[in-house]
Amino acid sequence: MAGAAGRLELFLPLTTGARLVLVSAETAADGYALKDRLAESGSTVMQATPATWRMLIDAGWREGHGLKVLCGGEALSADLARDLLQRGVTLWNMYGPTETTIWSTTCHVENPGRTVSIGRPIANTQVYILDHLGQRVPVGVAGELHIGGDGLARGYLNLAALTAERFVCDPFSSAPGQRLYKTGDQARFLALGGADPLQRC
């Protein structure tokens with residue numbers, strides 16, 4: 001695995017003293033085989049896309065007590081979140097594009113409503129919801145999600161114009177040279193008090 005996600009999934013468990021379980025591409029694409037491998041492995045944490053979790057459920061996976069579910073790569077629907085929680089898992093919704101080194105926000109999902117929040121930014125990450133003029137929008141108003149912080153990529157290899165278009169100057173930082181990534185995703189801050197979580201639109 002060459003990408004940042006691959007390094008995270010491989011090395012993070014190992015650096016914490018955990019055991020890593022790998023499956024073949026064939027097993028990962030077969031809900032029944034993956035369900036059996038999950039049960040055999042005794043895994044306590046598994047990261048997968050919503051499509052993979054749905055595939056497991058459709059294959060008859062029923063018992064998830066003690067399993068921490070990390071869900072990312074696609075939008076997590078409220079229906080799927082409820083189906084996962086009914087299996088006794090601890091559920092985390094993860095959001096972040098490749099350009100911000102994968103995870104930028106996380107949300108511990110406990111009582112999903114009509115939509116599932118993408119949560120709050122992880123450490124050393126800043127998120128802004130901006131209008132078409134680059135101004136912050138009020139809580140509850142949709143705008144384009146911008147991400148800044150230590151996880152930002154330098155840009156696209158040999159694509160200077162696209163890099164300039166998507167990686168823009170951070171007008172909210174006092175440090176020189178800081179940039180924001182324009183995700184293209186619409187989001188809004190939810191008015192829940194404190195550091196408001198994000199909802200993808």
# chains A, B, ... in the order shown; residues from 1 in each chain; ligands from 1
>>> select_by_dssp(residues="range 76-188 of chain A", states="alpha helix (DSSP H)", output="PyMOL selection string")
chain A and resi 78-85+160-166
>>> closest_atom_pairs(of="range 119-200 of chain A", to="range 90-108 of chain A", cutoff="12 Å", atoms="only C-alpha atoms", output="JSON lines")
{"residue": "A:Gly119", "atom": "CA", "partner": "A:Cys107", "partner_atom": "CA", "distance": 4.0}
{"residue": "A:Arg120", "atom": "CA", "partner": "A:Thr105", "partner_atom": "CA", "distance": 5.0}
{"residue": "A:Pro121", "atom": "CA", "partner": "A:Thr105", "partner_atom": "CA", "distance": 4.1}
{"residue": "A:Ile122", "atom": "CA", "partner": "A:Thr105", "partner_atom": "CA", "distance": 5.4}
{"residue": "A:Ala123", "atom": "CA", "partner": "A:Ser104", "partner_atom": "CA", "distance": 8.7}
{"residue": "A:Asn124", "atom": "CA", "partner": "A:Ser104", "partner_atom": "CA", "distance": 9.4}
{"residue": "A:Thr125", "atom": "CA", "partner": "A:Ser104", "partner_atom": "CA", "distance": 6.7}
{"residue": "A:Gln126", "atom": "CA", "partner": "A:Ser104", "partner_atom": "CA", "distance": 8.4}
{"residue": "A:Val127", "atom": "CA", "partner": "A:Ser104", "partner_atom": "CA", "distance": 8.4}
{"residue": "A:Tyr128", "atom": "CA", "partner": "A:Ser104", "partner_atom": "CA", "distance": 11.9}
{"residue": "A:Leu145", "atom": "CA", "partner": "A:Gly96", "partner_atom": "CA", "distance": 10.6}
{"residue": "A:His146", "atom": "CA", "partner": "A:Thr100", "partner_atom": "CA", "distance": 10.2}
{"residue": "A:Ile147", "atom": "CA", "partner": "A:Thr100", "partner_atom": "CA", "distance": 7.4}
{"residue": "A:Gly148", "atom": "CA", "partner": "A:Thr100", "partner_atom": "CA", "distance": 7.9}
{"residue": "A:Gly149", "atom": "CA", "partner": "A:Thr100", "partner_atom": "CA", "distance": 8.4}
{"residue": "A:Asp150", "atom": "CA", "partner": "A:Thr100", "partner_atom": "CA", "distance": 8.4}
{"residue": "A:Gly151", "atom": "CA", "partner": "A:Thr100", "partner_atom": "CA", "distance": 5.0}
{"residue": "A:Leu152", "atom": "CA", "partner": "A:Thr100", "partner_atom": "CA", "distance": 4.4}
{"residue": "A:Ala153", "atom": "CA", "partner": "A:Glu99", "partner_atom": "CA", "distance": 5.4}
{"residue": "A:Arg154", "atom": "CA", "partner": "A:Glu99", "partner_atom": "CA", "distance": 8.4}
{"residue": "A:Gly155", "atom": "CA", "partner": "A:Glu99", "partner_atom": "CA", "distance": 7.6}
{"residue": "A:Tyr156", "atom": "CA", "partner": "A:Glu99", "partner_atom": "CA", "distance": 8.6}
{"residue": "A:Leu157", "atom": "CA", "partner": "A:Glu99", "partner_atom": "CA", "distance": 11.7}
{"residue": "A:Thr163", "atom": "CA", "partner": "A:Glu99", "partner_atom": "CA", "distance": 10.3}
{"residue": "A:Arg166", "atom": "CA", "partner": "A:Glu99", "partner_atom": "CA", "distance": 9.6}
{"residue": "A:Phe167", "atom": "CA", "partner": "A:Glu99", "partner_atom": "CA", "distance": 9.3}
{"residue": "A:Arg179", "atom": "CA", "partner": "A:Thr100", "partner_atom": "CA", "distance": 11.2}
{"residue": "A:Leu180", "atom": "CA", "partner": "A:Thr100", "partner_atom": "CA", "distance": 9.5}
{"residue": "A:Tyr181", "atom": "CA", "partner": "A:Glu99", "partner_atom": "CA", "distance": 7.5}
{"residue": "A:Lys182", "atom": "CA", "partner": "A:Glu99", "partner_atom": "CA", "distance": 9.6}
{"residue": "A:Thr183", "atom": "CA", "partner": "A:Pro97", "partner_atom": "CA", "distance": 7.4}
{"residue": "A:Gly184", "atom": "CA", "partner": "A:Pro97", "partner_atom": "CA", "distance": 10.2}
{"residue": "A:Asp185", "atom": "CA", "partner": "A:Pro97", "partner_atom": "CA", "distance": 10.0}
{"residue": "A:Ala187", "atom": "CA", "partner": "A:Tyr95", "partner_atom": "CA", "distance": 11.7}
{"residue": "A:Asp196", "atom": "CA", "partner": "A:Cys107", "partner_atom": "CA", "distance": 11.5}
{"residue": "A:Pro197", "atom": "CA", "partner": "A:Cys107", "partner_atom": "CA", "distance": 8.2}
{"residue": "A:Leu198", "atom": "CA", "partner": "A:Thr105", "partner_atom": "CA", "distance": 8.5}
{"residue": "A:Gln199", "atom": "CA", "partner": "A:Cys107", "partner_atom": "CA", "distance": 10.2}
{"residue": "A:Arg200", "atom": "CA", "partner": "A:Tyr95", "partner_atom": "CA", "distance": 9.5}
>>> write_last_selection(atoms="N, CA and C atoms", output="compact mmCIF listing (two decimals), in the first residue's frame")
# COMPACT_ATOMS: atom_id res chain seq x y z
N GLY A 119 -18.55 15.29 12.49
CA GLY A 119 -17.84 15.57 13.73
C GLY A 119 -17.05 16.85 13.76
N ARG A 120 -15.94 16.77 14.47
CA ARG A 120 -15.08 17.93 14.69
C ARG A 120 -13.68 17.62 14.19
N PRO A 121 -12.87 18.65 13.93
CA PRO A 121 -11.53 18.40 13.40
C PRO A 121 -10.63 17.70 14.42
N ILE A 122 -9.74 16.86 13.88
CA ILE A 122 -8.75 16.21 14.72
C ILE A 122 -7.67 17.23 15.10
N ALA A 123 -6.73 16.82 15.94
CA ALA A 123 -5.68 17.73 16.41
C ALA A 123 -4.88 18.30 15.24
N ASN A 124 -4.49 19.55 15.38
CA ASN A 124 -3.66 20.24 14.39
C ASN A 124 -4.34 20.39 13.03
N THR A 125 -5.69 20.42 13.05
CA THR A 125 -6.47 20.58 11.83
C THR A 125 -7.50 21.68 12.06
N GLN A 126 -7.70 22.51 11.04
CA GLN A 126 -8.72 23.57 11.11
C GLN A 126 -9.72 23.37 9.98
N VAL A 127 -10.99 23.60 10.27
CA VAL A 127 -12.01 23.52 9.23
C VAL A 127 -12.81 24.83 9.21
N TYR A 128 -13.17 25.25 8.01
CA TYR A 128 -13.95 26.45 7.81
C TYR A 128 -15.05 26.17 6.79
N LEU A 145 -16.72 23.38 2.39
CA LEU A 145 -15.81 22.98 3.47
C LEU A 145 -14.36 23.16 3.03
N HIS A 146 -13.61 23.91 3.83
CA HIS A 146 -12.18 24.13 3.61
C HIS A 146 -11.43 23.54 4.80
N ILE A 147 -10.28 22.94 4.53
CA ILE A 147 -9.50 22.28 5.58
C ILE A 147 -8.07 22.80 5.57
N GLY A 148 -7.57 23.12 6.75
CA GLY A 148 -6.18 23.53 6.89
C GLY A 148 -5.52 22.74 8.00
N GLY A 149 -4.20 22.93 8.14
CA GLY A 149 -3.49 22.27 9.23
C GLY A 149 -2.33 21.42 8.77
N ASP A 150 -1.80 20.66 9.72
CA ASP A 150 -0.57 19.90 9.46
C ASP A 150 -0.74 18.77 8.47
N GLY A 151 -1.97 18.32 8.24
CA GLY A 151 -2.18 17.18 7.35
C GLY A 151 -2.25 17.52 5.88
N LEU A 152 -2.20 18.81 5.53
CA LEU A 152 -2.36 19.20 4.13
C LEU A 152 -1.21 18.69 3.26
N ALA A 153 -1.58 18.19 2.09
CA ALA A 153 -0.57 17.83 1.09
C ALA A 153 0.07 19.10 0.53
N ARG A 154 1.18 18.93 -0.16
CA ARG A 154 1.82 20.09 -0.78
C ARG A 154 1.10 20.51 -2.04
N GLY A 155 0.38 19.59 -2.65
CA GLY A 155 -0.33 19.88 -3.89
C GLY A 155 -0.34 18.65 -4.76
N TYR A 156 -0.67 18.84 -6.03
CA TYR A 156 -0.75 17.75 -7.00
C TYR A 156 0.54 17.72 -7.82
N LEU A 157 1.13 16.55 -7.97
CA LEU A 157 2.38 16.41 -8.69
C LEU A 157 2.20 16.80 -10.16
N THR A 163 -3.29 22.68 -8.44
CA THR A 163 -2.82 22.95 -7.08
C THR A 163 -3.19 24.37 -6.65
N ARG A 166 -7.02 24.58 -5.95
CA ARG A 166 -7.60 23.87 -4.80
C ARG A 166 -6.91 24.16 -3.48
N PHE A 167 -5.62 24.50 -3.51
CA PHE A 167 -4.87 24.83 -2.30
C PHE A 167 -4.68 26.34 -2.27
N ARG A 179 -2.05 27.39 4.20
CA ARG A 179 -3.00 27.21 3.11
C ARG A 179 -4.24 26.45 3.58
N LEU A 180 -5.28 26.51 2.77
CA LEU A 180 -6.49 25.74 2.98
C LEU A 180 -6.74 24.89 1.73
N TYR A 181 -7.32 23.72 1.95
CA TYR A 181 -7.74 22.90 0.81
C TYR A 181 -9.23 23.07 0.60
N LYS A 182 -9.63 23.42 -0.62
CA LYS A 182 -11.04 23.56 -1.00
C LYS A 182 -11.56 22.17 -1.36
N THR A 183 -12.37 21.59 -0.48
CA THR A 183 -12.79 20.20 -0.69
C THR A 183 -13.82 20.03 -1.80
N GLY A 184 -14.59 21.09 -2.07
CA GLY A 184 -15.70 20.94 -3.00
C GLY A 184 -16.95 20.38 -2.36
N ASP A 185 -16.86 19.97 -1.10
CA ASP A 185 -18.00 19.41 -0.37
C ASP A 185 -18.78 20.52 0.33
N ALA A 187 -21.11 21.71 3.42
CA ALA A 187 -21.28 21.31 4.82
C ALA A 187 -21.84 22.50 5.59
N ASP A 196 -18.95 23.47 17.64
CA ASP A 196 -20.04 22.87 16.89
C ASP A 196 -19.53 21.81 15.92
N PRO A 197 -20.18 20.65 15.86
CA PRO A 197 -19.80 19.63 14.89
C PRO A 197 -20.28 19.97 13.49
N LEU A 198 -19.79 19.24 12.51
CA LEU A 198 -20.08 19.48 11.11
C LEU A 198 -21.07 18.46 10.57
N GLN A 199 -21.87 18.93 9.62
CA GLN A 199 -22.77 18.03 8.89
C GLN A 199 -22.50 18.24 7.42
N ARG A 200 -22.28 17.14 6.70
CA ARG A 200 -22.09 17.22 5.27
C ARG A 200 -23.45 17.33 4.58
>>> residues_around(residues="range 135-140 of chain A", least_positions_apart="3", cutoff="8 Å", atoms="only C-alpha atoms", output="JSON, numbers by chain")
{"A": [128, 129, 130, 131, 132, 143, 188, 189, 190, 191]}
>>> write_last_selection(atoms="C-alpha atoms", output="tab-separated table (two decimals), in the first residue's frame")
chain	number	residue	atom	x	y	z
A	128	TYR	CA	-13.95	26.45	7.81
A	129	ILE	CA	-17.29	26.69	6.03
A	130	LEU	CA	-16.98	29.50	3.49
A	131	ASP	CA	-19.30	31.15	0.97
A	132	HIS	CA	-18.44	31.88	-2.67
A	143	GLY	CA	-21.06	26.52	2.38
A	188	ARG	CA	-22.70	23.30	7.73
A	189	PHE	CA	-21.90	23.73	11.38
A	190	LEU	CA	-24.54	22.31	13.71
A	191	ALA	CA	-25.62	24.49	16.62
>>> atom_distance(atom1="CA of Gln47 in chain A", atom2="CA of Glu144 in chain A")
26.7 Å
>>> residues_around(residues="Thr49 in chain A", least_positions_apart="6", cutoff="10 Å", atoms="only C-alpha atoms", output="list in words")
Met55, Leu70, Cys71, Gly72, Gly73, Glu74, Ala75, Leu76, Asn93 and Met94 of chain A
>>> write_last_selection(atoms="N, CA and C atoms", output="compact mmCIF listing (two decimals), in the first residue's frame")
# COMPACT_ATOMS: atom_id res chain seq x y z
N MET A 55 -22.29 -4.62 3.15
CA MET A 55 -22.07 -5.96 2.60
C MET A 55 -21.99 -6.99 3.72
N LEU A 70 -14.72 1.85 12.50
CA LEU A 70 -14.27 3.10 11.90
C LEU A 70 -14.81 3.12 10.48
N CYS A 71 -15.67 4.10 10.19
CA CYS A 71 -16.38 4.12 8.91
C CYS A 71 -15.99 5.38 8.15
N GLY A 72 -15.46 5.22 6.95
CA GLY A 72 -15.05 6.38 6.18
C GLY A 72 -14.94 6.05 4.71
N GLY A 73 -14.59 7.05 3.92
CA GLY A 73 -14.41 6.86 2.49
C GLY A 73 -15.65 7.18 1.68
N GLU A 74 -16.81 7.15 2.32
CA GLU A 74 -18.08 7.50 1.69
C GLU A 74 -18.97 8.09 2.78
N ALA A 75 -20.08 8.70 2.37
CA ALA A 75 -21.03 9.23 3.35
C ALA A 75 -21.69 8.07 4.10
N LEU A 76 -21.77 8.20 5.42
CA LEU A 76 -22.41 7.20 6.27
C LEU A 76 -23.88 7.59 6.45
N ASN A 93 -17.56 7.85 12.77
CA ASN A 93 -17.63 8.31 11.39
C ASN A 93 -16.41 9.17 11.12
N MET A 94 -15.67 8.84 10.07
CA MET A 94 -14.43 9.53 9.75
C MET A 94 -14.59 10.25 8.40
>>> residues_around(residues="Leu38 in chain A", least_positions_apart="5", cutoff="10 Å", atoms="only C-alpha atoms", output="PDB file with all heavy atoms, in the first residue's frame")
ATOM      1  N   VAL A  21      -4.425  -7.774  11.189  1.00  0.00           N
ATOM      2  CA  VAL A  21      -4.996  -8.864  10.404  1.00  0.00           C
ATOM      3  C   VAL A  21      -5.250  -8.357   8.996  1.00  0.00           C
ATOM      4  O   VAL A  21      -5.983  -7.384   8.803  1.00  0.00           O
ATOM      5  CB  VAL A  21      -6.320  -9.374  11.017  1.00  0.00           C
ATOM      6  CG1 VAL A  21      -6.923 -10.469  10.142  1.00  0.00           C
ATOM      7  CG2 VAL A  21      -6.091  -9.872  12.433  1.00  0.00           C
ATOM      8  N   VAL A  23      -6.505  -9.270   4.980  1.00  0.00           N
ATOM      9  CA  VAL A  23      -7.274 -10.219   4.186  1.00  0.00           C
ATOM     10  C   VAL A  23      -6.997  -9.948   2.716  1.00  0.00           C
ATOM     11  O   VAL A  23      -6.585  -8.854   2.334  1.00  0.00           O
ATOM     12  CB  VAL A  23      -8.798 -10.119   4.461  1.00  0.00           C
ATOM     13  CG1 VAL A  23      -9.090 -10.429   5.921  1.00  0.00           C
ATOM     14  CG2 VAL A  23      -9.353  -8.763   4.081  1.00  0.00           C
ATOM     15  N   TYR A  32     -19.607 -12.839   2.911  1.00  0.00           N
ATOM     16  CA  TYR A  32     -19.648 -14.064   3.713  1.00  0.00           C
ATOM     17  C   TYR A  32     -18.251 -14.453   4.189  1.00  0.00           C
ATOM     18  O   TYR A  32     -18.045 -14.801   5.359  1.00  0.00           O
ATOM     19  CB  TYR A  32     -20.285 -15.200   2.910  1.00  0.00           C
ATOM     20  CG  TYR A  32     -21.726 -14.930   2.574  1.00  0.00           C
ATOM     21  CD1 TYR A  32     -22.069 -14.366   1.341  1.00  0.00           C
ATOM     22  CD2 TYR A  32     -22.736 -15.195   3.494  1.00  0.00           C
ATOM     23  CE1 TYR A  32     -23.403 -14.078   1.030  1.00  0.00           C
ATOM     24  CE2 TYR A  32     -24.064 -14.917   3.195  1.00  0.00           C
ATOM     25  CZ  TYR A  32     -24.392 -14.362   1.959  1.00  0.00           C
ATOM     26  OH  TYR A  32     -25.706 -14.080   1.668  1.00  0.00           O
ATOM     27  N   ALA A  33     -17.275 -14.369   3.282  1.00  0.00           N
ATOM     28  CA  ALA A  33     -15.893 -14.694   3.663  1.00  0.00           C
ATOM     29  C   ALA A  33     -15.358 -13.680   4.662  1.00  0.00           C
ATOM     30  O   ALA A  33     -14.667 -14.040   5.627  1.00  0.00           O
ATOM     31  CB  ALA A  33     -15.011 -14.741   2.413  1.00  0.00           C
ATOM     32  N   SER A  43     -10.979  -9.547  16.077  1.00  0.00           N
ATOM     33  CA  SER A  43     -10.583  -8.137  15.920  1.00  0.00           C
ATOM     34  C   SER A  43     -11.383  -7.236  16.851  1.00  0.00           C
ATOM     35  O   SER A  43     -12.567  -7.470  17.111  1.00  0.00           O
ATOM     36  CB  SER A  43     -10.794  -7.685  14.472  1.00  0.00           C
ATOM     37  OG  SER A  43      -9.949  -8.392  13.596  1.00  0.00           O
ATOM     38  N   THR A  44     -10.729  -6.201  17.349  1.00  0.00           N
ATOM     39  CA  THR A  44     -11.379  -5.214  18.207  1.00  0.00           C
ATOM     40  C   THR A  44     -11.590  -3.880  17.500  1.00  0.00           C
ATOM     41  O   THR A  44     -12.375  -3.052  17.973  1.00  0.00           O
ATOM     42  CB  THR A  44     -10.551  -4.975  19.480  1.00  0.00           C
ATOM     43  OG1 THR A  44      -9.225  -4.555  19.100  1.00  0.00           O
ATOM     44  CG2 THR A  44     -10.457  -6.251  20.318  1.00  0.00           C
ATOM     45  N   MET A  46     -11.986  -2.274  13.345  1.00  0.00           N
ATOM     46  CA  MET A  46     -11.985  -2.507  11.900  1.00  0.00           C
ATOM     47  C   MET A  46     -12.389  -1.230  11.195  1.00  0.00           C
ATOM     48  O   MET A  46     -13.381  -0.599  11.551  1.00  0.00           O
ATOM     49  CB  MET A  46     -12.944  -3.634  11.526  1.00  0.00           C
ATOM     50  CG  MET A  46     -12.991  -3.911  10.025  1.00  0.00           C
ATOM     51  SD  MET A  46     -13.964  -5.379   9.653  1.00  0.00           S
ATOM     52  CE  MET A  46     -14.354  -5.090   7.930  1.00  0.00           C
ATOM     53  N   LEU A  56     -21.313  -6.665   4.814  1.00  0.00           N
ATOM     54  CA  LEU A  56     -21.233  -7.570   5.955  1.00  0.00           C
ATOM     55  C   LEU A  56     -22.606  -7.832   6.563  1.00  0.00           C
ATOM     56  O   LEU A  56     -22.961  -8.973   6.880  1.00  0.00           O
ATOM     57  CB  LEU A  56     -20.301  -6.980   7.026  1.00  0.00           C
ATOM     58  CG  LEU A  56     -18.823  -7.287   6.907  1.00  0.00           C
ATOM     59  CD1 LEU A  56     -18.029  -6.431   7.887  1.00  0.00           C
ATOM     60  CD2 LEU A  56     -18.555  -8.759   7.153  1.00  0.00           C
ATOM     61  N   TRP A  61     -23.990 -10.771   9.105  1.00  0.00           N
ATOM     62  CA  TRP A  61     -23.206 -10.407  10.300  1.00  0.00           C
ATOM     63  C   TRP A  61     -24.143  -9.781  11.327  1.00  0.00           C
ATOM     64  O   TRP A  61     -24.860  -8.842  11.028  1.00  0.00           O
ATOM     65  CB  TRP A  61     -22.092  -9.434   9.902  1.00  0.00           C
ATOM     66  CG  TRP A  61     -21.291  -8.928  11.056  1.00  0.00           C
ATOM     67  CD1 TRP A  61     -20.531  -9.663  11.920  1.00  0.00           C
ATOM     68  CD2 TRP A  61     -21.156  -7.563  11.470  1.00  0.00           C
ATOM     69  NE1 TRP A  61     -19.930  -8.840  12.842  1.00  0.00           N
ATOM     70  CE2 TRP A  61     -20.300  -7.551  12.588  1.00  0.00           C
ATOM     71  CE3 TRP A  61     -21.676  -6.360  10.994  1.00  0.00           C
ATOM     72  CZ2 TRP A  61     -19.949  -6.377  13.241  1.00  0.00           C
ATOM     73  CZ3 TRP A  61     -21.331  -5.194  11.635  1.00  0.00           C
ATOM     74  CH2 TRP A  61     -20.475  -5.205  12.748  1.00  0.00           C
ATOM     75  N   GLY A  64     -21.521  -7.642  17.046  1.00  0.00           N
ATOM     76  CA  GLY A  64     -20.358  -6.767  16.996  1.00  0.00           C
ATOM     77  C   GLY A  64     -19.914  -6.243  18.341  1.00  0.00           C
ATOM     78  O   GLY A  64     -19.167  -5.277  18.412  1.00  0.00           O
TER      79      GLY A  64
END
>>> closest_residue(among="A:Ala51, A:Leu14, A:Leu84, A:Leu22", to="Arg37 in chain A", atoms="only C-alpha atoms")
A:Leu22
>>> residues_around(residues="Ser77 in chain A", least_positions_apart="2", cutoff="10 Å", atoms="only C-alpha atoms", output="short mmCIF file (atom, residue, chain, number, x, y, z; two decimals) with N, CA, C and O atoms, in the first residue's frame")
data_model
loop_
_atom_site.label_atom_id
_atom_site.label_comp_id
_atom_site.auth_asym_id
_atom_site.auth_seq_id
_atom_site.Cartn_x
_atom_site.Cartn_y
_atom_site.Cartn_z
N PRO A 50 -18.63 2.47 4.17
CA PRO A 50 -20.03 2.09 4.40
C PRO A 50 -20.48 0.93 3.51
O PRO A 50 -21.25 0.07 3.96
N GLU A 74 -16.81 7.15 2.32
CA GLU A 74 -18.08 7.50 1.69
C GLU A 74 -18.97 8.09 2.78
O GLU A 74 -18.67 7.96 3.96
N ALA A 75 -20.08 8.70 2.37
CA ALA A 75 -21.03 9.23 3.35
C ALA A 75 -21.69 8.07 4.10
O ALA A 75 -22.09 7.06 3.51
N ASP A 79 -29.42 5.25 8.35
CA ASP A 79 -29.94 3.89 8.41
C ASP A 79 -28.82 2.88 8.68
O ASP A 79 -28.97 1.98 9.51
N LEU A 80 -27.70 3.04 7.98
CA LEU A 80 -26.58 2.13 8.20
C LEU A 80 -26.00 2.32 9.60
O LEU A 80 -25.65 1.34 10.27
N ALA A 81 -25.91 3.56 10.04
CA ALA A 81 -25.40 3.82 11.40
C ALA A 81 -26.26 3.10 12.43
O ALA A 81 -25.74 2.48 13.36
N ARG A 82 -27.57 3.18 12.28
CA ARG A 82 -28.45 2.50 13.23
C ARG A 82 -28.29 0.98 13.15
O ARG A 82 -28.27 0.29 14.18
N ASP A 83 -28.14 0.46 11.94
CA ASP A 83 -27.94 -0.99 11.78
C ASP A 83 -26.66 -1.44 12.46
O ASP A 83 -26.60 -2.51 13.09
N PRO A 112 -27.85 8.55 15.91
CA PRO A 112 -27.99 9.23 14.62
C PRO A 112 -29.40 9.72 14.38
O PRO A 112 -30.37 9.03 14.70
N GLY A 113 -29.51 10.93 13.85
CA GLY A 113 -30.81 11.47 13.47
C GLY A 113 -31.07 11.16 12.01
O GLY A 113 -30.81 10.06 11.53
N ARG A 114 -31.53 12.18 11.27
CA ARG A 114 -31.79 11.97 9.84
C ARG A 114 -30.49 11.88 9.05
O ARG A 114 -30.44 11.25 8.00
N THR A 115 -29.45 12.58 9.55
CA THR A 115 -28.13 12.51 8.92
C THR A 115 -27.09 12.29 10.01
O THR A 115 -27.35 12.51 11.19
N VAL A 116 -25.91 11.86 9.59
CA VAL A 116 -24.84 11.57 10.53
C VAL A 116 -23.78 12.67 10.42
O VAL A 116 -23.28 12.96 9.33
N SER A 117 -23.43 13.26 11.55
CA SER A 117 -22.41 14.31 11.57
C SER A 117 -21.05 13.74 11.19
O SER A 117 -20.74 12.57 11.47
#
>>> atom_distance(atom1="CA of Pro13 in chain A", atom2="CA of Val69 in chain A")
14.3 Å
>>> atom_distance(atom1="CA of Val89 in chain A", atom2="CA of Leu12 in chain A")
20.7 Å
